[in-house]
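Remarks on the structure that follows.
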Amino acid sequence: MKIRDVKVMLLTAKVPPERQYASDFGRVTSRSAAIVRIDTDEGITGYGEAKGTPLVMKSIIEHELKPQVIGEDPTKVTYLWEKMYNGSRLGLSLYYGRSQPTSTAPGELMCAISGVDVALWDILGKSLNVPIYKLIGGAVRDRIKAYASAGHGKVGRIGQEFAGYVAKGYKACKMRVGGMDHPHMVAGSRARVKEARETVGPDIDIMLDAHGSTGITDAIKLAKAVEEFNITWYEEPAIYHNIKGLAEVRQSINIPVATGENLYTRFGFRDLADARAADIWQPDTAMAGGITEMLRIAAMASANEAQLAPHVWGTAILWAASLQLAAALPNYYYFEFSQTYSPLLTELISVPVQVDKDGNVPVPDGPGLGVEVDPEAEKHFPFEESASEYAPAT
Ligand SMILES: [Mg+2]
């Protein structure tokens, strides 16, 4: 089998005013995505999501990565990963057994490689008529416990918001804290956490996510202020590149620290491990290096006794790829399930995107990613170049 074509579909879904929400990032008015489509000479097509800036993804993938993989056997997934990552030094890298990555902007390049890698795994699974999880060791579970990820409600709303997720079956909910409660990061967030806990009672897990907005001092103050509410994890209490700061927070508080949605490759997570900066690692399959690199990161996490709660904030393609990993990885701890309005998550694939009555997500059993992608996606979600995800918070 040979790779015949590599294309990127650019998609946009507008968020209607009544479904918009705000966090410290601003108000979300639209969502755009870059979906990789790889066609083969045997009629098998694979899909992957590349999480970087959509137009940049199209440029990197169609102009830099496509020439490297066109005509190649798509089932040589690791080889093609190394080829994209090491570029012209692939030969040196394989000879010496040491990575020699190309110097192209590493973050966006890793997002682009991630999208191609997942599409290659999809093709490999489809060519053998098995789901990807069977190719990476087989299932350790057939469903994964999920947490409802949103929690943008203000005081007086957050309890009701969480009660809605619990009514759907979720046993865990994550809320945004810190920057979105500016100028009362600590007291404002504490009031919302208190309302959430008092509404859902003691048996629901509650996670907090500060998006790195708080800084070290406020992060520690906030953690101490909410400790009594039994918090499952505190995510990005410091900005992602401040790994020493995260370690400082972790040593100072009694809530597990989570981070990783802005880290790339096993090398980024090696630094996190060296600093003993997090209890829970959150690599994003559409950013950190695809399924190939997620397997390496997952092994490192296990060796460092870190649980995996990967970042799953994107389209249904990332959702499906993450579920394949959740099926096969013993240390996959919790599955992120966005509750915000997102047709690119809920209307792009053939299987229902939902939890069961116990708050678990079943793993699709079809070949490859286990799902079929809407062949008319570009027609249903026409890309808008000018669409900006965030408007300033009000
Ligand atoms: Mg997060």
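Labeling convention for the structure tokens: chains A, B, ... as they appear, residues from 1 per chain, ligands from 1 in order of appearance.
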
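Neighbours of range 325-333 of chain A closer than or equal to 9 Å, with only C-alpha atoms counted and sequence neighbours fewer than 6 positions away skipped, come out as Ile132, Tyr133, Lys134, Ile136, Gly137, Gly138, Ala139, Val140, Arg141, Asp142, Arg143, Ile144, Lys145, Ile280, Ile291, Met294, Leu295, Ala298, Ala299, Ala301, Ser302, Glu305, Ala306, Gln307, Leu308, Ala309, Pro310 and Val363 of chain A.
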
Give the residues close to ligand 1, within 8 Å, counting only C-alpha atoms and all ligand atoms; write them as a ChimeraX atom specification.
/A:209-211,235-236,259,261,311

Output of the above residues as a PDB file, in the first residue's frame, restricted to C-alpha atoms:
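Written file, out10.pdb:
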ATOM      1  CA  ASP A 209      -8.265  24.247  36.006  1.00  0.00           C
ATOM      2  CA  ALA A 210      -6.518  27.622  36.253  1.00  0.00           C
ATOM      3  CA  HIS A 211      -4.972  27.606  32.729  1.00  0.00           C
ATOM      4  CA  GLU A 235      -4.643  21.800  36.749  1.00  0.00           C
ATOM      5  CA  GLU A 236      -2.052  24.286  35.497  1.00  0.00           C
ATOM      6  CA  THR A 259      -0.416  19.687  33.715  1.00  0.00           C
ATOM      7  CA  GLU A 261      -1.693  20.149  27.631  1.00  0.00           C
ATOM      8  CA  HIS A 311      -6.183  16.739  27.164  1.00  0.00           C
TER       9      HIS A 311
END

Which distance in Å separates CA of Gly107 in chain A and CA of Tyr264 in chain A, to one decimal?
6.9 Å

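With only C-alpha atoms as the atoms that count, the minimum distance from Leu109 in chain A to the choices A:Ala146, A:Leu272, A:Met57, A:Ile3 is reached by A:Met57.
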
Compile the contact shell of range 36-42 of chain A as a VMD selection string: residues with an atom at most 6 Å away, counting only C-alpha atoms, same-chain residues fewer than 3 positions apart removed.
chain A and resid 2 to 8 45 to 49 115

I'd like a table as JSON lines: residues in range 292-347 of chain A with an atom no more than 12 Å from range 66-89 of chain A, each row giving the shortest atom pair and its distance in Å to one decimal, only C-alpha atoms counted, sorted by chain and rising residue number.
{"residue": "A:Thr292", "atom": "CA", "partner": "A:Thr78", "partner_atom": "CA", "distance": 6.8}
{"residue": "A:Glu293", "atom": "CA", "partner": "A:Trp81", "partner_atom": "CA", "distance": 8.9}
{"residue": "A:Leu295", "atom": "CA", "partner": "A:Thr78", "partner_atom": "CA", "distance": 11.4}
{"residue": "A:Arg296", "atom": "CA", "partner": "A:Thr78", "partner_atom": "CA", "distance": 11.6}

Atoms to include: N, CA and C atoms. Write the selected residues as a tab-separated table (two decimals), in the first residue's frame.
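What ended up in selection.tsv:
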chain	number	residue	atom	x	y	z
A	292	THR	N	1.80	7.61	18.33
A	292	THR	CA	3.18	7.08	18.47
A	292	THR	C	3.87	7.69	19.69
A	293	GLU	N	3.81	9.01	19.80
A	293	GLU	CA	4.51	9.67	20.91
A	293	GLU	C	3.75	9.52	22.22
A	295	LEU	N	2.34	6.90	23.28
A	295	LEU	CA	2.73	5.62	23.88
A	295	LEU	C	4.04	5.77	24.64
A	296	ARG	N	4.96	6.56	24.10
A	296	ARG	CA	6.24	6.79	24.77
A	296	ARG	C	6.03	7.61	26.04

Please give the complete set of residues from range 61-137 of chain A that DSSP, run on the backbone, assigns to alpha helix (DSSP H), formatted as an NGL selection string.
:A and (66-69 or 77-86 or 90-96 or 106-128 or 132-135)

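Straight-line separation from CA of Leu11 in chain A to CA of Ser103 in chain A: 28.4 Å.
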
Pairwise distance, CA of Glu336 in chain A with CA of Pro54 in chain A, equals 22.3 Å

His182 in chain A environment, 12 Å, only C-alpha atoms, sequence neighbours closer than 2 positions dropped, as a short mmCIF file (atom, residue, chain, number, x, y, z; two decimals) with C-alpha atoms, in the first residue's frame:
data_model
loop_
_atom_site.label_atom_id
_atom_site.label_comp_id
_atom_site.auth_asym_id
_atom_site.auth_seq_id
_atom_site.Cartn_x
_atom_site.Cartn_y
_atom_site.Cartn_z
CA SER A 23 -13.13 32.06 30.75
CA ASP A 24 -9.84 33.88 31.38
CA PHE A 25 -9.18 33.38 27.64
CA LYS A 154 -20.29 32.23 37.86
CA ARG A 176 -12.26 26.84 35.57
CA VAL A 177 -10.76 28.91 38.40
CA GLY A 178 -8.20 31.66 38.89
CA GLY A 179 -8.05 34.17 36.05
CA MET A 180 -11.76 33.98 35.27
CA HIS A 184 -10.86 38.06 43.19
CA MET A 185 -8.87 35.03 42.05
CA VAL A 186 -8.79 33.37 45.46
CA ALA A 187 -12.01 34.48 47.18
CA GLY A 188 -14.03 34.39 43.95
CA SER A 189 -12.86 30.93 42.98
CA ALA A 210 -6.52 27.62 36.25
CA SER A 213 -3.42 32.16 35.14
CA THR A 214 -2.72 32.39 38.84
CA ASP A 218 -2.06 32.90 44.32
CA ALA A 393 -14.03 38.62 28.08
CA THR A 394 -16.79 40.92 29.27
#

Min atom-atom distance to Val15 in chain A from the set A:Ala238, A:Ile349, A:Leu344, A:Val166, counting only C-alpha atoms, belongs to A:Leu344

Which residues are near Glu195 in chain A? Cut-off 9 Å, only C-alpha atoms, ignore same chain within fewer than 2 positions. Put them as a ChimeraX atom specification.
/A:155-159,190-193,197-200

Store the residues of this selection in a file with N, CA and C atoms, as an mmCIF file, in the first residue's frame.
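In the end it all went to part35.cif:
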data_model
loop_
_atom_site.group_PDB
_atom_site.id
_atom_site.type_symbol
_atom_site.label_atom_id
_atom_site.label_comp_id
_atom_site.auth_asym_id
_atom_site.auth_seq_id
_atom_site.Cartn_x
_atom_site.Cartn_y
_atom_site.Cartn_z
ATOM 1 N N VAL A 155 -20.722 32.558 40.214
ATOM 2 C CA VAL A 155 -21.409 32.305 41.486
ATOM 3 C C VAL A 155 -22.919 32.393 41.245
ATOM 4 N N GLY A 156 -23.637 31.431 41.792
ATOM 5 C CA GLY A 156 -25.087 31.410 41.590
ATOM 6 C C GLY A 156 -25.492 30.562 40.391
ATOM 7 N N ARG A 157 -24.483 30.158 39.551
ATOM 8 C CA ARG A 157 -24.770 29.340 38.365
ATOM 9 C C ARG A 157 -23.996 28.031 38.351
ATOM 10 N N ILE A 158 -22.828 28.036 39.010
ATOM 11 C CA ILE A 158 -21.925 26.879 38.865
ATOM 12 C C ILE A 158 -22.532 25.609 39.484
ATOM 13 N N GLY A 159 -23.250 25.763 40.585
ATOM 14 C CA GLY A 159 -23.871 24.594 41.216
ATOM 15 C C GLY A 159 -24.882 23.956 40.267
ATOM 16 N N ARG A 190 -12.939 30.448 45.359
ATOM 17 C CA ARG A 190 -13.368 29.656 46.526
ATOM 18 C C ARG A 190 -14.895 29.632 46.632
ATOM 19 N N ALA A 191 -15.517 30.759 46.412
ATOM 20 C CA ALA A 191 -16.986 30.820 46.514
ATOM 21 C C ALA A 191 -17.634 29.897 45.486
ATOM 22 N N ARG A 192 -17.073 29.849 44.280
ATOM 23 C CA ARG A 192 -17.658 28.987 43.243
ATOM 24 C C ARG A 192 -17.417 27.516 43.539
ATOM 25 N N VAL A 193 -16.197 27.195 44.042
ATOM 26 C CA VAL A 193 -15.896 25.792 44.382
ATOM 27 C C VAL A 193 -16.821 25.330 45.513
ATOM 28 N N ARG A 197 -19.335 22.184 45.271
ATOM 29 C CA ARG A 197 -19.281 21.021 46.176
ATOM 30 C C ARG A 197 -20.577 20.854 46.950
ATOM 31 N N GLU A 198 -21.129 21.942 47.443
ATOM 32 C CA GLU A 198 -22.364 21.834 48.241
ATOM 33 C C GLU A 198 -23.525 21.357 47.377
ATOM 34 N N THR A 199 -23.483 21.650 46.096
ATOM 35 C CA THR A 199 -24.570 21.210 45.211
ATOM 36 C C THR A 199 -24.467 19.728 44.872
ATOM 37 N N VAL A 200 -23.257 19.256 44.519
ATOM 38 C CA VAL A 200 -23.148 17.866 44.025
ATOM 39 C C VAL A 200 -22.938 16.856 45.147
#

Restricting the calculation to only C-alpha atoms, which member of A:Ala167, A:Ser127, A:Ser342, A:Phe267 is positioned closest to Glu389 in chain A?
A:Ser342

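Taking only C-alpha atoms, the non-local environment of Gly289 in chain A within 8 Å (same-chain residues fewer than 6 positions away omitted) comprises Met110, Cys111, Ile113, Ser114, Asp117, Tyr264 and Thr265 of chain A.
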
What residues in range 208-314 of chain A get the DSSP label strand (DSSP E or B)? Please answer as a list in words.
Leu208, Asp209, Ile231, Thr232, Trp233, Tyr234, Glu235, Val257, Ala258, Thr259, Ile280, Trp281, Gln307 and Leu308 of chain A

Since we have the selection now, will you write its residues out, keeping N, CA and C atoms, as a PDB file, in the first residue's frame?
ATOM      1  N   LEU A 208     -10.130  21.264  39.277  1.00  0.00           N
ATOM      2  CA  LEU A 208      -9.993  22.695  39.009  1.00  0.00           C
ATOM      3  C   LEU A 208      -8.963  22.906  37.913  1.00  0.00           C
ATOM      4  N   ASP A 209      -9.204  23.914  37.073  1.00  0.00           N
ATOM      5  CA  ASP A 209      -8.265  24.247  36.006  1.00  0.00           C
ATOM      6  C   ASP A 209      -8.053  25.758  35.984  1.00  0.00           C
ATOM      7  N   ILE A 231     -10.639  18.214  46.479  1.00  0.00           N
ATOM      8  CA  ILE A 231     -10.412  18.439  45.058  1.00  0.00           C
ATOM      9  C   ILE A 231      -9.546  17.310  44.486  1.00  0.00           C
ATOM     10  N   THR A 232      -9.972  16.759  43.361  1.00  0.00           N
ATOM     11  CA  THR A 232      -9.279  15.607  42.757  1.00  0.00           C
ATOM     12  C   THR A 232      -7.964  16.025  42.109  1.00  0.00           C
ATOM     13  N   TRP A 233      -7.972  17.158  41.391  1.00  0.00           N
ATOM     14  CA  TRP A 233      -6.706  17.722  40.926  1.00  0.00           C
ATOM     15  C   TRP A 233      -6.835  19.207  40.659  1.00  0.00           C
ATOM     16  N   TYR A 234      -5.684  19.831  40.651  1.00  0.00           N
ATOM     17  CA  TYR A 234      -5.590  21.268  40.388  1.00  0.00           C
ATOM     18  C   TYR A 234      -4.692  21.391  39.153  1.00  0.00           C
ATOM     19  N   GLU A 235      -5.305  21.834  38.063  1.00  0.00           N
ATOM     20  CA  GLU A 235      -4.643  21.800  36.749  1.00  0.00           C
ATOM     21  C   GLU A 235      -4.020  23.149  36.394  1.00  0.00           C
ATOM     22  N   VAL A 257      -1.378  17.858  41.538  1.00  0.00           N
ATOM     23  CA  VAL A 257      -1.186  18.846  40.475  1.00  0.00           C
ATOM     24  C   VAL A 257      -1.222  18.142  39.123  1.00  0.00           C
ATOM     25  N   ALA A 258      -1.940  18.752  38.172  1.00  0.00           N
ATOM     26  CA  ALA A 258      -2.031  18.207  36.806  1.00  0.00           C
ATOM     27  C   ALA A 258      -1.511  19.247  35.822  1.00  0.00           C
ATOM     28  N   THR A 259      -0.839  18.772  34.774  1.00  0.00           N
ATOM     29  CA  THR A 259      -0.416  19.687  33.715  1.00  0.00           C
ATOM     30  C   THR A 259       0.024  18.881  32.491  1.00  0.00           C
ATOM     31  N   ILE A 280      -0.329  14.265  37.750  1.00  0.00           N
ATOM     32  CA  ILE A 280      -1.174  13.821  36.641  1.00  0.00           C
ATOM     33  C   ILE A 280      -0.680  14.496  35.366  1.00  0.00           C
ATOM     34  N   TRP A 281      -0.414  13.709  34.340  1.00  0.00           N
ATOM     35  CA  TRP A 281       0.095  14.241  33.074  1.00  0.00           C
ATOM     36  C   TRP A 281      -1.046  14.314  32.068  1.00  0.00           C
ATOM     37  N   GLN A 307      -0.311   9.599  36.809  1.00  0.00           N
ATOM     38  CA  GLN A 307      -1.515   9.129  36.111  1.00  0.00           C
ATOM     39  C   GLN A 307      -1.681   9.949  34.834  1.00  0.00           C
ATOM     40  N   LEU A 308      -2.332   9.341  33.851  1.00  0.00           N
ATOM     41  CA  LEU A 308      -2.574  10.049  32.590  1.00  0.00           C
ATOM     42  C   LEU A 308      -4.027  10.512  32.526  1.00  0.00           C
TER      43      LEU A 308
END
